[in-house]
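*Asks:* As input, take entry_10.cif (mmCIF, N, CA and C atoms):
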```
data_upload
#
loop_
_atom_site.label_atom_id
_atom_site.label_comp_id
_atom_site.auth_asym_id
_atom_site.auth_seq_id
_atom_site.Cartn_x
_atom_site.Cartn_y
_atom_site.Cartn_z
N MET A 1 0.84 -1.19 0.00
CA MET A 1 0.00 0.00 0.00
C MET A 1 0.88 1.25 0.00
N THR A 2 0.60 2.15 -0.89
CA THR A 2 1.34 3.40 -0.94
C THR A 2 0.57 4.46 -0.16
N ILE A 3 1.24 5.07 0.79
CA ILE A 3 0.62 6.11 1.60
C ILE A 3 0.79 7.45 0.90
N LYS A 4 -0.33 8.11 0.61
CA LYS A 4 -0.29 9.44 -0.01
C LYS A 4 -1.04 10.47 0.82
N ASN A 5 -2.22 10.08 1.32
CA ASN A 5 -3.08 10.99 2.08
C ASN A 5 -3.11 10.59 3.55
N ILE A 6 -2.78 11.53 4.43
CA ILE A 6 -2.70 11.25 5.85
C ILE A 6 -3.62 12.19 6.60
N LEU A 7 -4.39 11.63 7.53
CA LEU A 7 -5.25 12.42 8.41
C LEU A 7 -4.57 12.52 9.77
N VAL A 8 -4.34 13.75 10.23
CA VAL A 8 -3.76 13.99 11.55
C VAL A 8 -4.89 14.37 12.49
N VAL A 9 -5.07 13.59 13.55
CA VAL A 9 -6.10 13.87 14.55
C VAL A 9 -5.40 14.28 15.84
N ASP A 10 -5.47 15.56 16.17
CA ASP A 10 -4.78 16.09 17.35
C ASP A 10 -5.45 17.40 17.75
N ASP A 11 -5.67 17.58 19.05
CA ASP A 11 -6.32 18.81 19.53
C ASP A 11 -5.35 19.97 19.69
N SER A 12 -4.06 19.72 19.55
CA SER A 12 -3.06 20.78 19.68
C SER A 12 -2.77 21.38 18.29
N PRO A 13 -3.14 22.65 18.07
CA PRO A 13 -2.83 23.27 16.78
C PRO A 13 -1.33 23.29 16.49
N THR A 14 -0.52 23.43 17.52
CA THR A 14 0.94 23.45 17.33
C THR A 14 1.43 22.09 16.85
N ASP A 15 1.01 21.02 17.53
CA ASP A 15 1.44 19.68 17.12
C ASP A 15 0.92 19.33 15.73
N THR A 16 -0.32 19.72 15.45
CA THR A 16 -0.90 19.46 14.13
C THR A 16 -0.10 20.17 13.05
N HIS A 17 0.24 21.43 13.30
CA HIS A 17 1.02 22.20 12.32
C HIS A 17 2.40 21.58 12.09
N LEU A 18 3.11 21.26 13.18
CA LEU A 18 4.45 20.68 13.06
C LEU A 18 4.41 19.35 12.29
N LEU A 19 3.47 18.52 12.63
CA LEU A 19 3.35 17.22 11.97
C LEU A 19 2.96 17.39 10.50
N SER A 20 2.02 18.28 10.23
CA SER A 20 1.59 18.52 8.85
C SER A 20 2.73 19.02 7.98
N GLU A 21 3.49 19.98 8.50
CA GLU A 21 4.62 20.53 7.74
C GLU A 21 5.68 19.46 7.49
N MET A 22 5.94 18.63 8.49
CA MET A 22 6.91 17.54 8.34
C MET A 22 6.47 16.60 7.23
N LEU A 23 5.20 16.23 7.22
CA LEU A 23 4.68 15.29 6.22
C LEU A 23 4.64 15.90 4.83
N LYS A 24 4.23 17.16 4.73
CA LYS A 24 4.17 17.84 3.43
C LYS A 24 5.55 17.94 2.79
N LYS A 25 6.57 18.11 3.62
CA LYS A 25 7.94 18.20 3.13
C LYS A 25 8.34 16.93 2.36
N TYR A 26 7.71 15.81 2.71
CA TYR A 26 8.01 14.53 2.06
C TYR A 26 6.96 14.18 1.00
N GLY A 27 6.09 15.13 0.67
CA GLY A 27 5.16 14.94 -0.43
C GLY A 27 3.82 14.34 -0.06
N TYR A 28 3.53 14.20 1.23
CA TYR A 28 2.23 13.67 1.63
C TYR A 28 1.16 14.75 1.60
N ALA A 29 -0.05 14.38 1.23
CA ALA A 29 -1.20 15.28 1.34
C ALA A 29 -1.75 15.09 2.75
N VAL A 30 -1.98 16.19 3.46
CA VAL A 30 -2.37 16.11 4.87
C VAL A 30 -3.67 16.85 5.11
N SER A 31 -4.57 16.21 5.86
CA SER A 31 -5.75 16.89 6.36
C SER A 31 -5.73 16.73 7.88
N ALA A 32 -6.51 17.53 8.57
CA ALA A 32 -6.44 17.52 10.03
C ALA A 32 -7.83 17.53 10.65
N ALA A 33 -7.91 16.95 11.84
CA ALA A 33 -9.12 16.98 12.66
C ALA A 33 -8.68 17.40 14.06
N GLY A 34 -9.45 18.30 14.67
CA GLY A 34 -9.07 18.85 15.98
C GLY A 34 -9.56 18.07 17.18
N ASN A 35 -10.34 17.02 16.94
CA ASN A 35 -10.77 16.16 18.05
C ASN A 35 -11.15 14.78 17.51
N ALA A 36 -11.43 13.87 18.43
CA ALA A 36 -11.68 12.48 18.05
C ALA A 36 -12.93 12.32 17.19
N LEU A 37 -14.02 12.98 17.56
CA LEU A 37 -15.25 12.84 16.78
C LEU A 37 -15.08 13.36 15.36
N GLU A 38 -14.38 14.48 15.22
CA GLU A 38 -14.11 15.01 13.89
C GLU A 38 -13.21 14.04 13.11
N GLY A 39 -12.26 13.42 13.82
CA GLY A 39 -11.38 12.45 13.19
C GLY A 39 -12.14 11.24 12.65
N ILE A 40 -13.11 10.76 13.42
CA ILE A 40 -13.93 9.63 12.98
C ILE A 40 -14.73 10.03 11.74
N ALA A 41 -15.34 11.22 11.78
CA ALA A 41 -16.14 11.70 10.64
C ALA A 41 -15.28 11.86 9.39
N LYS A 42 -14.09 12.47 9.55
CA LYS A 42 -13.22 12.68 8.39
C LYS A 42 -12.67 11.35 7.85
N SER A 43 -12.45 10.37 8.73
CA SER A 43 -11.96 9.07 8.25
C SER A 43 -12.99 8.44 7.32
N LYS A 44 -14.29 8.63 7.62
CA LYS A 44 -15.34 8.08 6.77
C LYS A 44 -15.49 8.90 5.49
N GLN A 45 -15.38 10.20 5.62
CA GLN A 45 -15.59 11.10 4.49
C GLN A 45 -14.43 11.06 3.51
N GLU A 46 -13.19 11.14 4.02
CA GLU A 46 -12.01 11.28 3.17
C GLU A 46 -11.34 9.96 2.82
N LYS A 47 -11.54 8.93 3.62
CA LYS A 47 -10.87 7.63 3.44
C LYS A 47 -9.35 7.82 3.24
N PRO A 48 -8.67 8.41 4.23
CA PRO A 48 -7.22 8.61 4.08
C PRO A 48 -6.48 7.27 4.01
N ASP A 49 -5.25 7.32 3.55
CA ASP A 49 -4.43 6.10 3.47
C ASP A 49 -3.90 5.70 4.84
N LEU A 50 -3.83 6.68 5.77
CA LEU A 50 -3.27 6.45 7.11
C LEU A 50 -3.78 7.54 8.03
N ILE A 51 -3.91 7.21 9.31
CA ILE A 51 -4.31 8.19 10.32
C ILE A 51 -3.23 8.25 11.40
N LEU A 52 -2.83 9.47 11.76
CA LEU A 52 -1.95 9.69 12.90
C LEU A 52 -2.84 10.23 14.02
N MET A 53 -2.97 9.48 15.11
CA MET A 53 -3.96 9.75 16.15
C MET A 53 -3.31 10.10 17.49
N ASP A 54 -3.64 11.28 18.00
CA ASP A 54 -3.25 11.66 19.36
C ASP A 54 -4.16 10.91 20.34
N ILE A 55 -3.74 10.81 21.60
CA ILE A 55 -4.55 10.14 22.60
C ILE A 55 -5.29 11.13 23.48
N VAL A 56 -4.56 12.06 24.08
CA VAL A 56 -5.15 12.97 25.07
C VAL A 56 -5.85 14.12 24.34
N MET A 57 -7.18 14.01 24.29
CA MET A 57 -8.01 15.05 23.67
C MET A 57 -9.26 15.20 24.52
N PRO A 58 -9.86 16.39 24.51
CA PRO A 58 -11.09 16.57 25.30
C PRO A 58 -12.24 15.73 24.72
N GLY A 59 -13.14 15.33 25.60
CA GLY A 59 -14.25 14.48 25.16
C GLY A 59 -13.75 13.07 24.90
N MET A 60 -14.03 12.56 23.74
CA MET A 60 -13.56 11.23 23.36
C MET A 60 -12.05 11.25 23.18
N ASN A 61 -11.36 10.24 23.74
CA ASN A 61 -9.90 10.20 23.57
C ASN A 61 -9.52 9.38 22.33
N GLY A 62 -8.22 9.40 22.03
CA GLY A 62 -7.73 8.72 20.83
C GLY A 62 -7.84 7.21 20.87
N PHE A 63 -7.79 6.62 22.07
CA PHE A 63 -7.98 5.18 22.16
C PHE A 63 -9.40 4.82 21.71
N GLU A 64 -10.38 5.59 22.18
CA GLU A 64 -11.78 5.34 21.81
C GLU A 64 -12.00 5.56 20.31
N ALA A 65 -11.40 6.62 19.78
CA ALA A 65 -11.54 6.91 18.35
C ALA A 65 -10.89 5.82 17.51
N THR A 66 -9.73 5.36 17.93
CA THR A 66 -9.03 4.27 17.22
C THR A 66 -9.91 3.03 17.19
N ARG A 67 -10.48 2.70 18.33
CA ARG A 67 -11.36 1.53 18.42
C ARG A 67 -12.57 1.70 17.48
N ALA A 68 -13.18 2.90 17.49
CA ALA A 68 -14.35 3.15 16.63
C ALA A 68 -14.00 3.01 15.15
N ILE A 69 -12.86 3.56 14.75
CA ILE A 69 -12.46 3.52 13.34
C ILE A 69 -12.11 2.10 12.90
N THR A 70 -11.35 1.39 13.72
CA THR A 70 -10.91 0.04 13.33
C THR A 70 -12.02 -0.99 13.41
N ARG A 71 -13.10 -0.70 14.12
CA ARG A 71 -14.21 -1.66 14.22
C ARG A 71 -15.35 -1.34 13.26
N ASP A 72 -15.25 -0.23 12.56
CA ASP A 72 -16.28 0.14 11.59
C ASP A 72 -15.87 -0.45 10.23
N PRO A 73 -16.71 -1.30 9.62
CA PRO A 73 -16.34 -1.91 8.34
C PRO A 73 -15.97 -0.89 7.26
N GLU A 74 -16.54 0.30 7.34
CA GLU A 74 -16.29 1.35 6.36
C GLU A 74 -14.86 1.90 6.45
N THR A 75 -14.26 1.85 7.65
CA THR A 75 -12.94 2.45 7.87
C THR A 75 -11.91 1.48 8.44
N ALA A 76 -12.29 0.24 8.64
CA ALA A 76 -11.42 -0.74 9.31
C ALA A 76 -10.08 -0.96 8.61
N ALA A 77 -10.02 -0.75 7.31
CA ALA A 77 -8.79 -1.01 6.56
C ALA A 77 -7.78 0.14 6.66
N ILE A 78 -8.18 1.27 7.23
CA ILE A 78 -7.27 2.42 7.33
C ILE A 78 -6.32 2.19 8.51
N PRO A 79 -5.01 2.10 8.27
CA PRO A 79 -4.08 1.91 9.38
C PRO A 79 -3.98 3.18 10.23
N ILE A 80 -3.82 2.97 11.54
CA ILE A 80 -3.69 4.07 12.48
C ILE A 80 -2.37 3.93 13.23
N ILE A 81 -1.63 5.03 13.27
CA ILE A 81 -0.44 5.12 14.13
C ILE A 81 -0.78 6.11 15.23
N ILE A 82 -0.66 5.67 16.46
CA ILE A 82 -0.90 6.57 17.58
C ILE A 82 0.35 7.42 17.77
N VAL A 83 0.14 8.72 17.93
CA VAL A 83 1.23 9.67 18.16
C VAL A 83 0.87 10.41 19.45
N SER A 84 1.56 10.09 20.55
CA SER A 84 1.14 10.62 21.84
C SER A 84 2.32 10.91 22.76
N SER A 85 2.06 11.78 23.71
CA SER A 85 3.07 12.05 24.75
C SER A 85 3.03 10.95 25.81
N LYS A 86 1.99 10.12 25.78
CA LYS A 86 1.88 9.01 26.74
C LYS A 86 2.79 7.88 26.27
N GLY A 87 3.89 7.71 26.98
CA GLY A 87 4.91 6.78 26.51
C GLY A 87 5.08 5.51 27.32
N LEU A 88 4.18 5.24 28.26
CA LEU A 88 4.31 4.03 29.06
C LEU A 88 4.02 2.79 28.23
N GLU A 89 4.64 1.69 28.57
CA GLU A 89 4.42 0.44 27.84
C GLU A 89 2.95 0.03 27.89
N THR A 90 2.26 0.31 29.02
CA THR A 90 0.85 -0.03 29.13
C THR A 90 0.02 0.79 28.13
N ASP A 91 0.41 2.07 27.91
CA ASP A 91 -0.29 2.89 26.92
C ASP A 91 -0.10 2.31 25.53
N LYS A 92 1.14 1.93 25.23
CA LYS A 92 1.43 1.36 23.91
C LYS A 92 0.64 0.06 23.70
N ALA A 93 0.65 -0.80 24.71
CA ALA A 93 -0.06 -2.07 24.60
C ALA A 93 -1.55 -1.84 24.43
N TRP A 94 -2.11 -0.90 25.19
CA TRP A 94 -3.55 -0.61 25.08
C TRP A 94 -3.87 -0.05 23.69
N GLY A 95 -3.03 0.83 23.18
CA GLY A 95 -3.25 1.39 21.85
C GLY A 95 -3.28 0.31 20.78
N MET A 96 -2.38 -0.62 20.88
CA MET A 96 -2.34 -1.71 19.90
C MET A 96 -3.58 -2.60 20.04
N ARG A 97 -4.06 -2.79 21.26
CA ARG A 97 -5.26 -3.60 21.47
C ARG A 97 -6.51 -2.91 20.90
N GLN A 98 -6.46 -1.59 20.77
CA GLN A 98 -7.60 -0.85 20.20
C GLN A 98 -7.60 -0.92 18.68
N GLY A 99 -6.51 -1.42 18.10
CA GLY A 99 -6.45 -1.59 16.65
C GLY A 99 -5.37 -0.79 15.96
N ALA A 100 -4.58 -0.02 16.72
CA ALA A 100 -3.49 0.75 16.10
C ALA A 100 -2.44 -0.21 15.54
N LYS A 101 -1.80 0.22 14.45
CA LYS A 101 -0.75 -0.60 13.82
C LYS A 101 0.63 -0.26 14.39
N ASP A 102 0.76 0.94 14.99
CA ASP A 102 2.05 1.35 15.54
C ASP A 102 1.81 2.47 16.55
N TYR A 103 2.86 2.84 17.26
CA TYR A 103 2.75 3.83 18.34
C TYR A 103 4.04 4.64 18.36
N ILE A 104 3.91 5.96 18.29
CA ILE A 104 5.08 6.85 18.33
C ILE A 104 4.91 7.80 19.51
N VAL A 105 5.97 7.98 20.28
CA VAL A 105 5.93 8.89 21.42
C VAL A 105 6.45 10.26 21.00
N LYS A 106 5.70 11.31 21.38
CA LYS A 106 6.13 12.70 21.13
C LYS A 106 7.27 13.04 22.08
N PRO A 107 8.16 13.94 21.74
CA PRO A 107 8.27 14.62 20.46
C PRO A 107 8.65 13.65 19.34
N ILE A 108 8.15 13.92 18.16
CA ILE A 108 8.30 13.01 17.03
C ILE A 108 9.69 13.10 16.42
N ASP A 109 10.29 11.95 16.24
CA ASP A 109 11.56 11.85 15.53
C ASP A 109 11.21 11.73 14.04
N GLU A 110 11.55 12.75 13.27
CA GLU A 110 11.17 12.82 11.86
C GLU A 110 11.63 11.59 11.07
N LYS A 111 12.88 11.22 11.26
CA LYS A 111 13.44 10.09 10.51
C LYS A 111 12.71 8.79 10.87
N ALA A 112 12.43 8.59 12.16
CA ALA A 112 11.73 7.38 12.59
C ALA A 112 10.31 7.34 12.03
N LEU A 113 9.63 8.48 12.00
CA LEU A 113 8.28 8.54 11.44
C LEU A 113 8.30 8.18 9.96
N MET A 114 9.24 8.73 9.21
CA MET A 114 9.31 8.45 7.77
C MET A 114 9.60 6.97 7.52
N GLU A 115 10.42 6.36 8.35
CA GLU A 115 10.71 4.93 8.21
C GLU A 115 9.44 4.10 8.44
N LYS A 116 8.66 4.50 9.45
CA LYS A 116 7.41 3.79 9.75
C LYS A 116 6.44 3.93 8.59
N LEU A 117 6.36 5.13 8.01
CA LEU A 117 5.43 5.34 6.90
C LEU A 117 5.83 4.53 5.67
N LYS A 118 7.13 4.39 5.44
CA LYS A 118 7.59 3.60 4.31
C LYS A 118 7.26 2.11 4.47
N ALA A 119 7.10 1.67 5.71
CA ALA A 119 6.82 0.26 5.99
C ALA A 119 5.40 -0.15 5.60
N PHE A 120 4.51 0.81 5.38
CA PHE A 120 3.12 0.49 5.03
C PHE A 120 2.96 0.30 3.53
#
```
So, in terms of structure tokens, how does the structure I just supplied come out?

*Replies:*
Amino acid sequence: MTIKNILVVDDSPTDTHLLSEMLKKYGYAVSAAGNALEGIAKSKQEKPDLILMDIVMPGMNGFEATRAITRDPETAAIPIIIVSSKGLETDKAWGMRQGAKDYIVKPIDEKALMEKLKAF
């Protein structure tokens, strides 16, 4: 699968901007959602090739959104990489149990992110 379109779901405008600029530099088309519910809606509407999902957001968190997206037949095939400041092994394990394909701890290492994206 070739990744071209990426949806960034993060409530931090700063993190969203930094991640978007990093991805655009490598030729990816990027769209953004400012919360989990918007991320779920955009995943159905846009059908991105990949979703980068934050965890700590107001209202519904990223674990819940990941579970909703990966369990919906309409969006289940979209891979999700969790991108969060929560770096405990239990957080990573829980994220993977919700259906995420990978987990990256903030601050994001640009080279490591690009390597992960190439693996899809």

*Asks:* Go ahead and compute the interatomic distance for atom N of A:Ala36 and atom C of A:Glu21, in Å to one decimal.

*Replies:*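 It comes out at 21.1 Å.
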
*Asks:* Please identify which residues in chain A DSSP calls helix (DSSP H, G or I) from the backbone, and express them as JSON, numbers by chain.

*Replies:* {"A": [13, 14, 15, 16, 17, 18, 19, 20, 21, 22, 23, 24, 25, 36, 37, 38, 39, 40, 41, 42, 43, 44, 45, 46, 62, 63, 64, 65, 66, 67, 68, 69, 70, 71, 89, 90, 91, 92, 93, 94, 95, 96, 97, 110, 111, 112, 113, 114, 115, 116, 117, 118]}

*Asks:* Which residue is closest to A:Gly27? Choose from A:Arg67, A:Lys92, A:Val83, A:Met114 and count only C-alpha atoms.

*Replies:* A:Met114

*Asks:* Name every residue that the PyMOL selection byres (((chain A and resi 75 and name CA) around 10) and name CA) selects in this structure, writing the answer as a PDB file with N, CA and C atoms, in the coordinates of the input with chains first and numbers rising.

*Replies:*
```pdb
ATOM      1  N   ILE A  40     -13.110  10.760  13.420  1.00  0.00           N
ATOM      2  CA  ILE A  40     -13.930   9.630  12.980  1.00  0.00           C
ATOM      3  C   ILE A  40     -14.730  10.030  11.740  1.00  0.00           C
ATOM      4  N   SER A  43     -12.450  10.370   8.730  1.00  0.00           N
ATOM      5  CA  SER A  43     -11.960   9.070   8.250  1.00  0.00           C
ATOM      6  C   SER A  43     -12.990   8.440   7.320  1.00  0.00           C
ATOM      7  N   LYS A  44     -14.290   8.630   7.620  1.00  0.00           N
ATOM      8  CA  LYS A  44     -15.340   8.080   6.770  1.00  0.00           C
ATOM      9  C   LYS A  44     -15.490   8.900   5.490  1.00  0.00           C
ATOM     10  N   GLN A  45     -15.380  10.200   5.620  1.00  0.00           N
ATOM     11  CA  GLN A  45     -15.590  11.100   4.490  1.00  0.00           C
ATOM     12  C   GLN A  45     -14.430  11.060   3.510  1.00  0.00           C
ATOM     13  N   LYS A  47     -11.540   8.930   3.620  1.00  0.00           N
ATOM     14  CA  LYS A  47     -10.870   7.630   3.440  1.00  0.00           C
ATOM     15  C   LYS A  47      -9.350   7.820   3.240  1.00  0.00           C
ATOM     16  N   PRO A  48      -8.670   8.410   4.230  1.00  0.00           N
ATOM     17  CA  PRO A  48      -7.220   8.610   4.080  1.00  0.00           C
ATOM     18  C   PRO A  48      -6.480   7.270   4.010  1.00  0.00           C
ATOM     19  N   ALA A  68     -13.180   2.900  17.490  1.00  0.00           N
ATOM     20  CA  ALA A  68     -14.350   3.150  16.630  1.00  0.00           C
ATOM     21  C   ALA A  68     -14.000   3.010  15.150  1.00  0.00           C
ATOM     22  N   ILE A  69     -12.860   3.560  14.750  1.00  0.00           N
ATOM     23  CA  ILE A  69     -12.460   3.520  13.340  1.00  0.00           C
ATOM     24  C   ILE A  69     -12.110   2.100  12.900  1.00  0.00           C
ATOM     25  N   THR A  70     -11.350   1.390  13.720  1.00  0.00           N
ATOM     26  CA  THR A  70     -10.910   0.040  13.330  1.00  0.00           C
ATOM     27  C   THR A  70     -12.020  -0.990  13.410  1.00  0.00           C
ATOM     28  N   ARG A  71     -13.100  -0.700  14.120  1.00  0.00           N
ATOM     29  CA  ARG A  71     -14.210  -1.660  14.220  1.00  0.00           C
ATOM     30  C   ARG A  71     -15.350  -1.340  13.260  1.00  0.00           C
ATOM     31  N   ASP A  72     -15.250  -0.230  12.560  1.00  0.00           N
ATOM     32  CA  ASP A  72     -16.280   0.140  11.590  1.00  0.00           C
ATOM     33  C   ASP A  72     -15.870  -0.450  10.230  1.00  0.00           C
ATOM     34  N   PRO A  73     -16.710  -1.300   9.620  1.00  0.00           N
ATOM     35  CA  PRO A  73     -16.340  -1.910   8.340  1.00  0.00           C
ATOM     36  C   PRO A  73     -15.970  -0.890   7.260  1.00  0.00           C
ATOM     37  N   GLU A  74     -16.540   0.300   7.340  1.00  0.00           N
ATOM     38  CA  GLU A  74     -16.290   1.350   6.360  1.00  0.00           C
ATOM     39  C   GLU A  74     -14.860   1.900   6.450  1.00  0.00           C
ATOM     40  N   ALA A  76     -12.290   0.240   8.640  1.00  0.00           N
ATOM     41  CA  ALA A  76     -11.420  -0.740   9.310  1.00  0.00           C
ATOM     42  C   ALA A  76     -10.080  -0.960   8.610  1.00  0.00           C
ATOM     43  N   ALA A  77     -10.020  -0.750   7.310  1.00  0.00           N
ATOM     44  CA  ALA A  77      -8.790  -1.010   6.560  1.00  0.00           C
ATOM     45  C   ALA A  77      -7.780   0.140   6.660  1.00  0.00           C
ATOM     46  N   ILE A  78      -8.180   1.270   7.230  1.00  0.00           N
ATOM     47  CA  ILE A  78      -7.270   2.420   7.330  1.00  0.00           C
ATOM     48  C   ILE A  78      -6.320   2.190   8.510  1.00  0.00           C
ATOM     49  N   PRO A  79      -5.010   2.100   8.270  1.00  0.00           N
ATOM     50  CA  PRO A  79      -4.080   1.910   9.380  1.00  0.00           C
ATOM     51  C   PRO A  79      -3.980   3.180  10.230  1.00  0.00           C
TER      52      PRO A  79
END
```

*Asks:* Take the PyMOL selection byres (((chain A and resi 32 and name CA) around 7) and name CA), apply it to the structure above, and return the hits as a ChimeraX atom specification.

*Replies:* /A:7-9,30-31,33-34

*Asks:* To one decimal place, how far is atom N of A:Tyr28 from atom C of A:Leu117 in Å?

*Replies:*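 Interatomic distance, atom N of A:Tyr28 to atom C of A:Leu117: 10.9 Å.
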
*Asks:* Using only C-alpha atoms, which of the listed residues (A:Pro13, A:Gly87, A:Gly39, A:Gly62) sits closest to A:Ala100?

*Replies:*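 Among A:Pro13, A:Gly87, A:Gly39, A:Gly62, it is A:Gly62 that comes nearest to A:Ala100.
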
*Asks:* Enumerate, as a PDB file with N, CA and C atoms, in the coordinates of the input, the protein, DNA and RNA residues whose atoms approach (-2.8, 22.7, 18.9) to within 12 Å, taking into account only C-alpha atoms and the coordinate frame of the file.

*Replies:*
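See point_36.pdb below for the written result:
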```pdb
ATOM      1  N   VAL A   8      -4.340  13.750  10.230  1.00  0.00           N
ATOM      2  CA  VAL A   8      -3.760  13.990  11.550  1.00  0.00           C
ATOM      3  C   VAL A   8      -4.890  14.370  12.490  1.00  0.00           C
ATOM      4  N   VAL A   9      -5.070  13.590  13.550  1.00  0.00           N
ATOM      5  CA  VAL A   9      -6.100  13.870  14.550  1.00  0.00           C
ATOM      6  C   VAL A   9      -5.400  14.280  15.840  1.00  0.00           C
ATOM      7  N   ASP A  10      -5.470  15.560  16.170  1.00  0.00           N
ATOM      8  CA  ASP A  10      -4.780  16.090  17.350  1.00  0.00           C
ATOM      9  C   ASP A  10      -5.450  17.400  17.750  1.00  0.00           C
ATOM     10  N   ASP A  11      -5.670  17.580  19.050  1.00  0.00           N
ATOM     11  CA  ASP A  11      -6.320  18.810  19.530  1.00  0.00           C
ATOM     12  C   ASP A  11      -5.350  19.970  19.690  1.00  0.00           C
ATOM     13  N   SER A  12      -4.060  19.720  19.550  1.00  0.00           N
ATOM     14  CA  SER A  12      -3.060  20.780  19.680  1.00  0.00           C
ATOM     15  C   SER A  12      -2.770  21.380  18.290  1.00  0.00           C
ATOM     16  N   PRO A  13      -3.140  22.650  18.070  1.00  0.00           N
ATOM     17  CA  PRO A  13      -2.830  23.270  16.780  1.00  0.00           C
ATOM     18  C   PRO A  13      -1.330  23.290  16.490  1.00  0.00           C
ATOM     19  N   THR A  14      -0.520  23.430  17.520  1.00  0.00           N
ATOM     20  CA  THR A  14       0.940  23.450  17.330  1.00  0.00           C
ATOM     21  C   THR A  14       1.430  22.090  16.850  1.00  0.00           C
ATOM     22  N   ASP A  15       1.010  21.020  17.530  1.00  0.00           N
ATOM     23  CA  ASP A  15       1.440  19.680  17.120  1.00  0.00           C
ATOM     24  C   ASP A  15       0.920  19.330  15.730  1.00  0.00           C
ATOM     25  N   THR A  16      -0.320  19.720  15.450  1.00  0.00           N
ATOM     26  CA  THR A  16      -0.900  19.460  14.130  1.00  0.00           C
ATOM     27  C   THR A  16      -0.100  20.170  13.050  1.00  0.00           C
ATOM     28  N   HIS A  17       0.240  21.430  13.300  1.00  0.00           N
ATOM     29  CA  HIS A  17       1.020  22.200  12.320  1.00  0.00           C
ATOM     30  C   HIS A  17       2.400  21.580  12.090  1.00  0.00           C
ATOM     31  N   LEU A  18       3.110  21.260  13.180  1.00  0.00           N
ATOM     32  CA  LEU A  18       4.450  20.680  13.060  1.00  0.00           C
ATOM     33  C   LEU A  18       4.410  19.350  12.290  1.00  0.00           C
ATOM     34  N   LEU A  19       3.470  18.520  12.630  1.00  0.00           N
ATOM     35  CA  LEU A  19       3.350  17.220  11.970  1.00  0.00           C
ATOM     36  C   LEU A  19       2.960  17.390  10.500  1.00  0.00           C
ATOM     37  N   SER A  20       2.020  18.280  10.230  1.00  0.00           N
ATOM     38  CA  SER A  20       1.590  18.520   8.850  1.00  0.00           C
ATOM     39  C   SER A  20       2.730  19.020   7.980  1.00  0.00           C
ATOM     40  N   ALA A  32      -6.510  17.530   8.570  1.00  0.00           N
ATOM     41  CA  ALA A  32      -6.440  17.520  10.030  1.00  0.00           C
ATOM     42  C   ALA A  32      -7.830  17.530  10.650  1.00  0.00           C
ATOM     43  N   ALA A  33      -7.910  16.950  11.840  1.00  0.00           N
ATOM     44  CA  ALA A  33      -9.120  16.980  12.660  1.00  0.00           C
ATOM     45  C   ALA A  33      -8.680  17.400  14.060  1.00  0.00           C
ATOM     46  N   GLY A  34      -9.450  18.300  14.670  1.00  0.00           N
ATOM     47  CA  GLY A  34      -9.070  18.850  15.980  1.00  0.00           C
ATOM     48  C   GLY A  34      -9.560  18.070  17.180  1.00  0.00           C
ATOM     49  N   ASN A  35     -10.340  17.020  16.940  1.00  0.00           N
ATOM     50  CA  ASN A  35     -10.770  16.160  18.050  1.00  0.00           C
ATOM     51  C   ASN A  35     -11.150  14.780  17.510  1.00  0.00           C
ATOM     52  N   ASP A  54      -3.640  11.280  18.000  1.00  0.00           N
ATOM     53  CA  ASP A  54      -3.250  11.660  19.360  1.00  0.00           C
ATOM     54  C   ASP A  54      -4.160  10.910  20.340  1.00  0.00           C
ATOM     55  N   VAL A  56      -4.560  12.060  24.080  1.00  0.00           N
ATOM     56  CA  VAL A  56      -5.150  12.970  25.070  1.00  0.00           C
ATOM     57  C   VAL A  56      -5.850  14.120  24.340  1.00  0.00           C
ATOM     58  N   MET A  57      -7.180  14.010  24.290  1.00  0.00           N
ATOM     59  CA  MET A  57      -8.010  15.050  23.670  1.00  0.00           C
ATOM     60  C   MET A  57      -9.260  15.200  24.520  1.00  0.00           C
TER      61      MET A  57
END
```

*Asks:* Hey, which of A:Lys116, A:Ile6, A:Met22, A:Trp94 ends up closest to A:Leu52? Count all atoms listed in the file.

*Replies:*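 Between A:Lys116, A:Ile6, A:Met22, A:Trp94, the residue approaching A:Leu52 most closely is A:Ile6.
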
*Asks:* Produce the centre coordinates and the three edge lengths, each in Å to one decimal, of the box along x, y and z that contains all listed atoms of stretch 40-59 of chain A with 5 Å added on each side, as AutoDock Vina command-line options.

*Replies:*
```
--center_x -9.0 --center_y 11.1 --center_z 14.2 --size_x 24.2 --size_y 20.9 --size_z 32.8
```

*Asks:* Quick check, in Å to one decimal: how far apart do atom CA of A:Gln98 and atom CA of A:Ile3 lie?

*Replies:*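 Separating atom CA of A:Gln98 from atom CA of A:Ile3 is a distance of 21.5 Å.
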
*Asks:* Could you check the closest approach to A:Leu50 for each of A:Lys25, A:Gly95, A:Lys106, A:Ile81 and tell me which residue wins, using all atoms listed in the file?

*Replies:*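 Residue with the minimum atom-to-atom distance to A:Leu50: A:Ile81.
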
*Asks:* Please identify which residues in chain A DSSP calls strand (DSSP E or B) from the backbone, and express them as number ranges by chain.

*Replies:* A: 5-9, 29-33, 50-53, 80-84, 102-105

*Asks:* Which one is closest to A:Val105: A:Thr66, A:Ser85, A:Asn5, A:Asn61? Count only C-alpha atoms.

*Replies:* A:Ser85

*Asks:* Tell me which of A:Glu115, A:Ile104, A:Gly99, A:Tyr26 sits closest to A:Glu64, counting only C-alpha atoms.

*Replies:*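 Residue with the minimum atom-to-atom distance to A:Glu64: A:Gly99.
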